[in-house]
Each structure stands twice: as structure tokens, then as C-alpha cells.
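> Structure: work_8.txt, compact mmCIF, C-alpha atoms and all ligand atoms.
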# COMPACT_ATOMS: atom_id res chain seq x y z
CA MET A 25 95.34 90.09 84.15
CA SER A 26 98.29 91.95 82.70
CA LEU A 27 99.62 95.48 83.00
CA SER A 28 100.52 97.68 80.10
CA LEU A 29 103.01 100.36 81.04
CA ASN A 30 103.99 103.22 78.76
CA ALA A 31 105.24 106.80 78.73
CA ARG A 32 101.81 108.03 79.91
CA THR A 33 101.85 105.80 83.00
CA ARG A 34 101.97 107.81 86.22
CA LEU A 35 102.53 105.48 89.16
CA LEU A 36 101.92 106.55 92.75
CA VAL A 37 103.22 104.10 95.35
CA VAL A 38 101.66 104.50 98.79
CA ALA A 39 104.28 103.13 101.20
CA PRO A 40 103.64 103.07 104.96
CA HIS A 41 107.36 102.57 105.74
CA PRO A 42 110.75 102.94 104.07
CA ASP A 43 111.47 99.50 102.45
CA ASP A 44 107.86 98.73 101.39
CA GLU A 45 108.55 100.49 98.07
CA SER A 46 111.48 98.14 97.33
CA ILE A 47 110.00 94.91 98.73
CA ALA A 48 106.58 95.21 97.14
CA THR A 49 106.94 97.48 94.12
CA GLY A 50 110.63 97.69 93.22
CA GLU A 51 110.18 95.97 89.87
CA LEU A 52 107.01 97.87 89.09
CA ILE A 53 108.78 101.19 89.71
CA LEU A 54 111.70 100.13 87.50
CA GLN A 55 109.41 99.05 84.69
CA VAL A 56 107.38 102.25 84.77
CA ARG A 57 110.61 104.25 84.58
CA GLN A 58 111.92 102.07 81.74
CA ALA A 59 108.67 102.64 79.84
CA GLY A 60 109.20 106.40 80.20
CA GLY A 61 106.48 106.90 82.81
CA GLU A 62 106.56 108.95 86.00
CA VAL A 63 106.76 107.64 89.57
CA GLN A 64 106.00 109.24 92.90
CA ILE A 65 106.26 107.67 96.35
CA LEU A 66 103.93 108.78 99.13
CA LEU A 67 105.86 107.72 102.23
CA LEU A 68 103.51 107.82 105.19
CA THR A 69 106.02 107.30 108.04
CA ASN A 70 109.79 107.40 108.42
CA GLY A 71 109.78 103.94 109.99
CA ASP A 72 111.08 105.46 113.21
CA ASN A 73 109.28 103.13 115.63
CA ASN A 74 111.52 100.19 114.96
CA PRO A 75 113.20 99.51 118.31
CA TRP A 76 114.61 96.01 117.88
CA PRO A 77 116.67 96.67 114.73
CA GLN A 78 117.77 99.96 116.29
CA ARG A 79 118.89 98.24 119.52
CA TRP A 80 120.75 95.70 117.47
CA VAL A 81 122.47 98.14 115.12
CA GLU A 82 123.22 100.83 117.69
CA ARG A 83 123.96 98.45 120.59
CA ARG A 84 121.77 100.44 122.95
CA LEU A 85 118.85 99.31 125.08
CA ARG A 86 116.97 102.53 125.73
CA ILE A 87 115.33 104.14 122.73
CA GLY A 88 113.92 107.61 123.46
CA ALA A 89 112.30 110.25 121.25
CA ASP A 90 115.64 111.63 120.03
CA GLU A 91 116.95 108.19 119.09
CA ARG A 92 113.70 107.44 117.27
CA ARG A 93 113.86 110.67 115.27
CA ARG A 94 117.46 109.95 114.31
CA TRP A 95 116.52 106.43 113.24
CA GLY A 96 113.71 107.82 111.10
CA GLU A 97 116.16 110.20 109.42
CA ARG A 98 118.50 107.32 108.75
CA ARG A 99 115.70 105.34 107.15
CA ARG A 100 114.69 108.33 105.03
CA THR A 101 118.24 108.47 103.67
CA GLU A 102 118.08 104.74 102.93
CA VAL A 103 114.83 105.02 101.01
CA THR A 104 116.28 107.85 98.91
CA GLN A 105 119.26 105.63 98.06
CA ALA A 106 116.95 102.72 97.23
CA LEU A 107 114.87 104.91 94.94
CA ALA A 108 118.00 106.10 93.14
CA GLN A 109 118.72 102.43 92.34
CA LEU A 110 115.21 102.19 90.93
CA GLY A 111 115.67 105.25 88.70
CA VAL A 112 113.65 107.64 90.85
CA THR A 113 115.03 110.95 92.12
CA GLY A 114 114.65 112.38 95.60
CA GLU A 115 111.99 114.89 94.46
CA ALA A 116 109.65 112.00 93.73
CA LEU A 117 109.56 111.13 97.42
CA GLN A 118 106.66 112.75 99.30
CA PRO A 119 107.18 112.04 103.01
CA LEU A 120 104.26 112.74 105.35
CA GLY A 121 106.13 111.97 108.60
CA TRP A 122 103.17 110.30 110.32
CA PRO A 123 103.95 108.21 113.42
CA ASP A 124 105.21 104.73 112.64
CA MET A 125 102.77 102.16 114.12
CA GLY A 126 100.31 105.04 114.52
CA ILE A 127 98.41 105.20 111.23
CA THR A 128 95.33 103.44 112.64
CA ARG A 129 95.14 105.93 115.49
CA ARG A 130 95.65 108.80 113.08
CA LEU A 131 92.87 107.46 110.93
CA CYS A 132 90.52 107.28 113.94
CA ASP A 133 91.48 110.65 115.47
CA GLN A 134 92.10 112.78 112.36
CA LEU A 135 90.29 111.05 109.52
CA ASP A 136 89.39 114.08 107.39
CA ALA A 137 92.78 115.77 107.70
CA SER A 138 94.60 112.52 106.91
CA VAL A 139 92.45 111.73 103.87
CA GLU A 140 92.90 115.32 102.69
CA MET A 141 96.69 114.97 102.70
CA VAL A 142 96.43 111.95 100.41
CA VAL A 143 93.85 113.75 98.24
CA GLN A 144 96.27 116.65 97.77
CA CYS A 145 98.97 114.25 96.63
CA LEU A 146 96.57 112.56 94.18
CA GLU A 147 95.33 115.86 92.75
CA ALA A 148 98.85 117.26 92.38
CA PHE A 149 100.42 114.17 90.77
CA ARG A 150 97.32 112.78 88.94
CA PRO A 151 98.41 109.13 88.88
CA THR A 152 96.99 106.68 86.36
CA LEU A 153 98.06 103.81 88.61
CA VAL A 154 98.17 103.61 92.41
CA ALA A 155 99.99 100.80 94.22
CA LEU A 156 98.66 100.64 97.76
CA PRO A 157 98.99 98.21 100.68
CA ALA A 158 96.48 95.36 100.76
CA LEU A 159 93.55 95.78 103.13
CA GLY A 160 94.24 92.30 104.50
CA ASP A 161 97.92 92.95 105.30
CA HIS A 162 98.54 91.98 108.92
CA HIS A 163 100.60 95.05 109.72
CA PRO A 164 98.14 97.60 111.15
CA ASP A 165 99.82 100.53 109.36
CA HIS A 166 99.33 98.78 106.04
CA GLY A 167 95.62 98.02 106.46
CA ALA A 168 94.97 101.58 107.68
CA ALA A 169 96.96 102.98 104.73
CA HIS A 170 94.68 101.04 102.38
CA VAL A 171 91.58 102.54 103.99
CA LEU A 172 92.94 106.11 103.82
CA THR A 173 94.05 105.72 100.21
CA ARG A 174 90.72 104.28 99.10
CA LEU A 175 88.80 107.11 100.76
CA ALA A 176 91.15 109.65 99.19
CA VAL A 177 90.77 108.14 95.70
CA ALA A 178 86.99 108.20 96.12
CA GLY A 179 87.10 111.84 97.22
CA ALA A 180 89.70 113.24 94.79
CA ASP A 181 88.80 115.23 91.67
CA GLY A 182 89.68 113.85 88.26
CA GLU A 183 89.63 110.43 86.66
CA ALA A 184 90.01 107.57 89.13
CA PRO A 185 93.35 105.76 88.78
CA ARG A 186 93.67 102.02 88.46
CA MET A 187 94.48 100.58 91.90
CA LEU A 188 96.71 97.60 92.64
CA ALA A 189 97.03 96.29 96.18
CA TYR A 190 100.26 94.69 97.35
CA LEU A 191 100.74 92.40 100.33
CA VAL A 192 103.88 92.41 102.49
CA HIS A 193 102.77 90.72 105.75
CA GLY A 194 100.36 87.78 105.71
CA GLN A 195 98.85 85.22 103.39
CA GLU A 196 97.97 86.04 99.83
CA VAL A 197 94.38 85.36 98.92
CA THR A 198 93.92 83.76 95.55
CA GLY A 199 90.99 84.91 93.49
CA LYS A 200 89.92 87.08 90.63
CA GLY A 201 91.74 90.28 89.78
CA ARG A 202 95.27 89.01 90.32
CA VAL A 203 97.96 90.86 88.41
CA LYS A 204 101.41 89.35 88.04
CA LEU A 205 104.27 91.47 86.86
CA ASP A 206 106.65 89.97 84.32
CA SER A 207 110.26 90.28 85.32
CA SER A 208 113.78 89.58 84.12
CA VAL A 209 117.02 88.59 85.80
CA GLY A 210 118.34 92.13 85.40
CA ILE A 211 115.25 93.83 86.78
CA HIS A 212 115.17 91.50 89.75
CA ALA A 213 118.86 92.09 90.48
CA THR A 214 118.30 95.86 90.47
CA LYS A 215 115.37 95.48 92.84
CA MET A 216 117.53 93.44 95.22
CA ALA A 217 120.22 96.16 95.02
CA ALA A 218 117.57 98.71 96.03
CA LEU A 219 116.52 96.50 98.93
CA ALA A 220 120.13 96.29 100.11
CA CYS A 221 120.14 100.09 100.58
CA HIS A 222 117.85 99.57 103.59
CA ARG A 223 120.85 98.66 105.71
CA SER A 224 119.16 99.38 109.02
CA GLN A 225 116.59 96.68 108.22
CA MET A 226 118.92 94.22 106.52
CA ALA A 227 121.16 94.09 109.60
CA LEU A 228 118.71 92.15 111.74
CA SER A 229 116.17 90.85 109.22
CA GLY A 230 118.08 90.52 105.94
CA LYS A 231 116.94 86.95 105.39
CA ARG A 232 113.29 87.75 105.89
CA MET A 233 113.53 90.91 103.78
CA ARG A 234 115.21 89.05 100.93
CA ARG A 235 112.62 86.29 101.10
CA LEU A 236 109.79 88.83 100.87
CA ALA A 237 111.45 90.70 98.02
CA ASP A 238 112.41 87.53 96.13
CA ARG A 239 108.78 86.63 95.42
CA GLY A 240 107.45 87.70 92.04
CA GLU A 241 105.55 90.98 92.35
CA ARG A 242 101.88 90.21 92.44
CA TYR A 243 99.01 92.57 92.93
CA GLN A 244 95.32 92.40 93.53
CA ALA A 245 93.25 94.75 91.38
CA VAL A 246 91.01 96.91 93.59
CA ARG A 247 87.56 97.70 92.36
CA GLY A 248 86.35 101.03 93.65
CA THR A 249 82.70 100.04 93.99
CA SER A 250 80.59 99.76 97.08
CA VAL A 251 77.23 98.16 97.76
CA ALA A 252 74.51 100.26 99.33
CA ALA A 253 73.09 98.25 102.23
CA GLU A 254 71.77 98.78 105.73
CA SER A 255 73.48 95.70 107.11
CA ALA A 256 76.51 93.57 106.35
CA VAL A 257 77.63 90.05 107.22
CA LEU A 258 80.95 90.05 109.09
CA PRO A 259 83.74 87.68 108.06
CA TRP A 260 84.75 87.02 111.68
CA GLN A 261 83.47 84.64 114.34
CA PRO A 262 85.46 85.63 117.42
CA SER A 263 85.32 83.41 120.47
CA ARG A 264 82.77 84.43 123.10
CA LEU A 265 85.56 84.37 125.67
CA LEU A 266 87.28 87.25 123.89
CA GLN A 267 84.25 89.37 123.16
CA ARG A 268 84.47 91.60 126.20
CA TRP A 269 87.82 92.96 124.94
CA LEU A 270 86.86 93.39 121.30
CA ARG A 271 86.04 96.59 119.45
CA LEU A 272 84.65 97.35 116.03
CA THR A 273 85.69 100.44 114.07
CA LEU A 274 83.62 101.50 111.06
CA VAL A 275 85.13 104.02 108.64
CA ASP A 276 83.64 105.65 105.56
CA GLU A 277 83.49 109.10 104.00
CA ARG A 278 81.09 110.22 106.70
CA GLY A 279 83.60 109.49 109.48
CA VAL A 280 84.55 106.94 112.12
CA ARG A 281 82.23 104.99 114.42
CA GLN A 282 83.44 102.66 117.17
CA TRP A 283 81.74 100.19 119.46
CA PRO A 284 82.76 97.69 122.09
CA TRP A 285 81.70 94.37 120.53
CA ARG A 286 78.90 93.81 123.03
CA GLN A 287 77.37 97.23 122.35
CA ALA A 288 77.61 97.06 118.56
CA PRO A 289 74.35 96.70 116.58
CA LEU A 290 74.98 93.02 115.82
CA SER A 291 72.67 90.08 115.29
CA MET A 292 73.16 86.53 114.08
CA ASP A 293 71.79 85.23 110.82
CA GLY A 294 70.41 81.72 110.18
CA GLN A 295 73.91 80.44 109.39
CA GLY A 296 75.44 81.56 112.68
CA ARG A 297 77.22 84.55 111.15
CA TYR A 298 77.35 87.99 112.73
CA VAL A 299 75.49 90.79 110.94
CA LEU A 300 76.18 94.48 111.58
CA HIS A 301 73.12 96.74 111.32
CA GLY A 302 72.46 100.46 111.19
CA LEU A 303 74.62 101.23 108.16
CA ASP A 304 73.68 104.22 106.06
CA PRO A 305 72.84 102.89 102.57
CA ALA A 306 73.18 106.41 101.13
CA ALA A 307 76.78 106.87 102.35
CA PRO A 308 78.95 107.33 99.26
CA GLY A 309 82.21 105.56 98.57
CA PRO A 310 83.85 102.56 100.16
CA ARG A 311 83.21 101.47 103.73
CA PHE A 312 85.56 99.51 105.98
CA LEU A 313 85.28 97.72 109.30
CA LYS A 314 88.05 96.65 111.67
CA LEU A 315 87.84 94.12 114.46
CA HIS A 316 90.51 94.49 117.09
CA MET A 317 91.31 93.67 120.67
CA ASN A 318 91.49 96.30 123.37
CA LEU A 319 94.28 94.65 125.36
CA PRO A 320 97.86 95.90 125.26
CA SER A 321 100.01 93.32 123.53
CA PRO A 322 103.64 93.04 122.41
CA TRP A 323 102.38 91.44 119.21
CA ILE A 324 102.14 94.18 116.62
CA PHE A 325 100.29 92.33 113.89
CA ASP A 326 96.53 92.33 113.43
CA ARG A 327 94.73 89.13 114.28
CA TRP A 328 91.50 90.00 112.45
CA GLY A 329 92.16 93.34 110.80
CA TRP A 330 89.96 95.09 108.25
CA CYS A 331 87.26 94.04 105.86
CA GLU A 332 85.41 96.00 103.22
CA LEU A 333 81.66 96.03 103.63
ZN ZN B 1 105.58 98.45 105.90
What would you get if you wrote out this structure as C-alpha cells?


Amino acid sequence: MSLSLNARTRLLVVAPHPDDESIATGELILQVRQAGGEVQILLLTNGDNNPWPQRWVERRLRIGADERRRWGERRRTEVTQALAQLGVTGEALQPLGWPDMGITRRLCDQLDASVEMVVQCLEAFRPTLVALPALGDHHPDHGAAHVLTRLAVAGADGEAPRMLAYLVHGQEVTGKGRVKLDSSVGIHATKMAALACHRSQMALSGKRMRRLADRGERYQAVRGTSVAAESAVLPWQPSRLLQRWLRLTLVDERGVRQWPWRQAPLSMDGQGRYVLHGLDPAAPGPRFLKLHMNLPSPWIFDRWGWCEL
């Protein structure tokens, strides 16, 4: 699949953290600007909960609330500089200031208010194209950002934009609906110059950041359809040993439902797969389910993450 960009293209990039816009969509932003189109960045967090790079750069061990806020401000300045490299002015940046590493909690505790903030952005900017994090991204903020954006697109007035999902953390899935962006040496060099503006991140993880940004920009087209059903087969087969710590979180336009795994309305089908029951077939819009573990862990990435039902 290819992308045609022109002066009528209005691109909204939903970025959970400063640097996602450069890593995942730097060339797309540049090409929309070169075609005469408009770009806006919805920045969900300031990337303030980032203790290891901060310890490294600031040579301090203890990171309190004040240090975190300062770090977030620093990263906001960096993203503004990166966007300037990409031909986007500071007014195009819409920062929401949500807690870094807290988007999943926000989604569970304040679903309607959070979706509404994204809806307002969509209705004010009226994008024709939305670049959003992939549902299967292993960073929990990214998967949750996908869910919120999809619900907002389904709930916003006006013509639905085309949606392209980008992956930063995790394995790309190959399949239908892949969109690869053509590039050039010059465009790629400008993207890498934008990435370099994120100095706080490059200090400790420059190699990893450059590796992520060096890949060609590829997207997965998102289809905004959902299937009305009372039950759904789950893609996961978690070990029985883990089940006592597992939780399921179901999110759709009607709200959030959560169960400990053992209390969820699950059965097994003839092929040994888990089936979730009790879904409302009349619920409009997309519906998402997350499997996660209830134990505190230093590992920030999702093991199972989200699926769309
Ligand atoms: Zn991110």
C-alpha cells in the first residue's frame, strides 16, 4: 500500500513521549510538510518518568517530583527543537501533560475524560491522517495510547481519518495493510538531525535510538471496524502457574471492565483456546482487551499487552 500526500493532507501524530515523533514518524512529518500539508503533534506525556537517563545525565541518584518535572520540561524543549528540524512550529505541539508510564492507569480511572481530550484535538484539527502507536507495542503507554485514540476517532464528529499505526518497541507483525514510506538520503538525514535534538535520551541510549530511527518508516493501516459478538477467542494461553496473578481489562465506548483471571467469564473451546463471554454485541465502536500481571515488577514492558476483539 502506498501513501499519497498533498497540500490537503492534515497529519495528526499521537506521540506518548517526546522522541516518538522523530523515531517513528520523522520522515512522514517532513514529507507532509514538503507536500504543503499541515501537521499537529498530540504529545500525551512529557516523558518525565525516565529515571535512568536522568541519573546518568544529572549524576544524581535520587529523583523526586521536582527533578521529574524539570526533566519533563527539558524533554519538552527537546521535542520543540526536533519539530523545528522537521519543519513544524511550536504551535503545532499539543501537550497533554499526562503522567509518563501512567497512560494505562489514566485510561482505566478516567476513560471518558481522557477520550474526550483526544476527541477535542481531533475535532479542532480535523486530520485526514492519524499516526498512532501500534496496539501491539510492548511499551504500556503506547498500547494504551492506541486504545484511547481509536475510541476517540470512533466518537469524534466528522469524517473518519485514515489511521496508520507505528511500532517503536517490539516485533513487527507482517501481514496485510502494511504501508512503507519512500525516503531519500536527504529526508533521512533530516530525521536523524531531529532525533539528535533529544539529547537527554541520546546520552544513555543513543545507539538504540539511532537503530530504531534508522529503520525505514513502516506503518500498519488500521481498519476502524468491529465485529458484533457475545464472545471472543483470546490470543493468549498463559501458564496455569501464573493465573492467580493475572488480570483482564476490557475497554470499549461503554467503559472499562476488569476481572482477576480466575473470575473472568472464560471457557475453553475445542481447540484449547480461551474464550471470553458476556460481551455486549450491541456496543458500538472498537473493543480492546488487555492481559496483565498484578505483581510489581521492575520490567516496564508488557508481556502480553492488548488485543482487539
Ligand atoms: Zn514512547

> From the set A:Glu102, A:Glu51, A:Asp165, A:Asp90, which residue has the shortest atom-to-atom contact distance to ligand ZN 1 (chain B), counting only C-alpha atoms and all ligand atoms?

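Going through A:Glu102, A:Glu51, A:Asp165, A:Asp90 one by one, the smallest distance to ligand ZN 1 (chain B) is for A:Asp165.
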
> Select, from A:Val171, A:Cys145, A:Val192, A:Ala180, the residue with the minimum atom-to-atom distance to A:Leu36, counting all atoms listed in the file.

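Smallest separation from A:Leu36 among the options: A:Cys145.
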
> Give me, as JSON, numbers by chain, all polymer residues having an atom no more than 7 Å from A:Ala245, counting only C-alpha atoms and skipping those fewer than 3 positions away in the same chain.

{"A": [187, 188, 189, 201, 202, 203]}

> Which is closer to ligand ZN 1 (chain B) than all the others in A:Pro119, A:Pro157, A:Pro151, A:Pro259, using all atoms listed in the file?

A:Pro157

> Give as a list of chain:residue names the residues surrounding ligand ZN 1 (chain B) up to a distance of 9 Å, considering all atoms listed in the file.

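The neighbouring residues of ligand ZN 1 (chain B) are, in order, A:Ala39, A:Pro40, A:His41, A:Pro42, A:Asp43, A:Asp44, A:Glu45, A:Gly71, A:Pro157, A:His163, A:Asp165, A:His166, A:Val192, A:His193.
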
> With all atoms listed in the file counted, which protein, DNA or RNA residues have an atom no more than 8 Å from (111.5, 100.7, 89.1) in the file frame? Please answer as number ranges by chain.

A: 49-58, 107, 110-112, 215

> Got a sec: who's within 12 Å of A:Cys331, counting all atoms listed in the file, leaving out chain neighbours fewer than 4 positions off, as a list in words?

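Skipping anything fewer than 4 positions along the chain leaves Ala158, Leu159, Gly160, Asp161, His162, Gly167, Ala168, His170, Val171, Ala256, Val257, Leu258, Pro259, Trp260, Leu272, Thr273, Leu274, Val275, Pro310, Arg311, Phe312, Leu313, Lys314, Leu315 and His316 of chain A.
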
> Please provide as a PyMOL selection string all residues within 10 Å of A:Pro75, with the sequence filter that same-chain residues fewer than 5 positions apart are discarded (counting all atoms listed in the file).

chain A and resi 80-81+84-88+91-92+95

> Taking only C-alpha atoms into account, name the residue in A:Lys204, A:Arg34, A:Arg79, A:Arg98 that is nearest to A:His222.

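Looking only at the distances to A:His222, the closest residue turns out to be A:Arg98.
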
> What separation in Å, quoted to one decimal, exists between atom CA of A:Ala252 and atom CA of A:Val154?

24.9 Å

> Rank nothing, just name the residue among A:Glu183, A:Asp276, A:Glu241, A:Asp304 nearest to A:His212, using all atoms listed in the file.

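Among the listed residues, A:Glu241 lies closest to A:His212.
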
> What would the list of residues within 12 Å of (75.0, 100.5, 114.3) (file frame) look like as a list in words, if all atoms listed in the file are what count?

Glu254, Ser255, Ala256, Leu272, Thr273, Leu274, Val280, Arg281, Gln282, Trp283, Pro284, Trp285, Arg286, Gln287, Ala288, Pro289, Leu290, Ser291, Val299, Leu300, His301, Gly302, Leu303, Asp304 and Leu313 of chain A

> At a cut-off of 10 Å, using all atoms listed in the file, what residues contact A:Gly179? Leave out same-chain residues fewer than 6 positions from it and give the result as a PyMOL selection string.

chain A and resi 139-140+142-143+146+173+277+308-309

> Hey, which of A:Ala48, A:Leu175, A:Leu319, A:Met233 ends up closest to A:Leu135? Count all atoms listed in the file.

A:Leu175

> Please measure the separation of atom CA of A:Gly329 and atom CA of A:Ala184, giving the value in Å to one decimal.

26.0 Å

> Atom CA of A:Pro305 and atom CA of A:Ala253, how far apart in Å?

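Here the two named atoms are 4.7 Å from each other.
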
> For stretch 289-300 of chain A, where the input has fewer atoms than it should, I would like all heavy atoms rebuilt and written as a CSV table (one decimal), keeping the file's coordinate frame.


chain,number,residue,atom,x,y,z
A,289,PRO,N,75.7,97.2,117.1
A,289,PRO,CA,74.4,96.7,116.6
A,289,PRO,C,74.5,95.4,115.7
A,289,PRO,O,74.5,95.4,114.5
A,289,PRO,CB,73.9,97.9,115.7
A,289,PRO,CG,75.1,98.6,115.3
A,289,PRO,CD,76.1,98.4,116.4
A,290,LEU,N,74.7,94.3,116.5
A,290,LEU,CA,75.0,93.0,115.8
A,290,LEU,C,73.8,92.1,116.0
A,290,LEU,O,73.2,92.1,117.1
A,290,LEU,CB,76.2,92.4,116.4
A,290,LEU,CG,77.6,93.0,116.1
A,290,LEU,CD1,78.7,92.4,117.0
A,290,LEU,CD2,78.0,92.9,114.7
A,291,SER,N,73.6,91.2,115.1
A,291,SER,CA,72.7,90.1,115.3
A,291,SER,C,73.3,88.9,114.6
A,291,SER,O,74.4,89.0,114.0
A,291,SER,CB,71.3,90.4,114.7
A,291,SER,OG,71.4,90.4,113.3
A,292,MET,N,72.6,87.7,114.8
A,292,MET,CA,73.2,86.5,114.1
A,292,MET,C,72.2,86.1,113.0
A,292,MET,O,71.0,86.2,113.2
A,292,MET,CB,73.3,85.4,115.1
A,292,MET,CG,74.7,85.4,115.7
A,292,MET,SD,75.1,83.8,116.4
A,292,MET,CE,76.8,83.9,116.4
A,293,ASP,N,72.7,85.7,111.9
A,293,ASP,CA,71.8,85.2,110.8
A,293,ASP,C,71.6,83.7,111.0
A,293,ASP,O,72.1,83.1,111.9
A,293,ASP,CB,72.3,85.6,109.4
A,293,ASP,CG,73.5,84.8,109.0
A,293,ASP,OD1,74.0,84.0,109.8
A,293,ASP,OD2,74.1,85.1,107.9
A,294,GLY,N,70.8,83.1,110.1
A,294,GLY,CA,70.4,81.7,110.2
A,294,GLY,C,71.6,80.8,110.1
A,294,GLY,O,71.5,79.6,110.5
A,295,GLN,N,72.7,81.3,109.6
A,295,GLN,CA,73.9,80.4,109.4
A,295,GLN,C,74.9,80.7,110.5
A,295,GLN,O,76.1,80.2,110.4
A,295,GLN,CB,74.5,80.7,108.0
A,295,GLN,CG,73.6,80.4,106.9
A,295,GLN,CD,74.2,80.9,105.6
A,295,GLN,OE1,75.4,80.5,105.2
A,295,GLN,NE2,73.5,81.6,104.8
A,296,GLY,N,74.5,81.4,111.6
A,296,GLY,CA,75.4,81.6,112.7
A,296,GLY,C,76.5,82.6,112.4
A,296,GLY,O,77.5,82.7,113.1
A,297,ARG,N,76.2,83.5,111.4
A,297,ARG,CA,77.2,84.6,111.2
A,297,ARG,C,76.7,85.9,111.8
A,297,ARG,O,75.5,86.1,111.9
A,297,ARG,CB,77.3,84.7,109.6
A,297,ARG,CG,77.8,83.5,108.9
A,297,ARG,CD,77.8,83.7,107.4
A,297,ARG,NE,76.5,84.1,106.9
A,297,ARG,CZ,76.2,84.4,105.6
A,297,ARG,NH1,77.1,84.3,104.7
A,297,ARG,NH2,75.0,84.8,105.2
A,298,TYR,N,77.7,86.7,112.2
A,298,TYR,CA,77.4,88.0,112.7
A,298,TYR,C,77.0,89.0,111.6
A,298,TYR,O,77.7,89.0,110.6
A,298,TYR,CB,78.5,88.5,113.6
A,298,TYR,CG,78.7,87.8,114.8
A,298,TYR,CD1,79.8,86.9,115.0
A,298,TYR,CD2,77.9,88.0,115.9
A,298,TYR,CE1,79.9,86.1,116.1
A,298,TYR,CE2,78.1,87.3,117.1
A,298,TYR,CZ,79.1,86.4,117.2
A,298,TYR,OH,79.3,85.7,118.4
A,299,VAL,N,75.9,89.8,111.9
A,299,VAL,CA,75.5,90.8,110.9
A,299,VAL,C,75.5,92.1,111.7
A,299,VAL,O,75.0,92.3,112.8
A,299,VAL,CB,74.1,90.5,110.4
A,299,VAL,CG1,73.6,91.5,109.4
A,299,VAL,CG2,74.0,89.1,109.8
A,300,LEU,N,76.1,93.1,111.0
A,300,LEU,CA,76.2,94.5,111.6
A,300,LEU,C,75.1,95.3,110.9
A,300,LEU,O,74.9,95.3,109.7
A,300,LEU,CB,77.5,95.1,111.3
A,300,LEU,CG,77.7,96.5,111.8
A,300,LEU,CD1,77.9,96.5,113.4
A,300,LEU,CD2,79.0,97.2,111.2
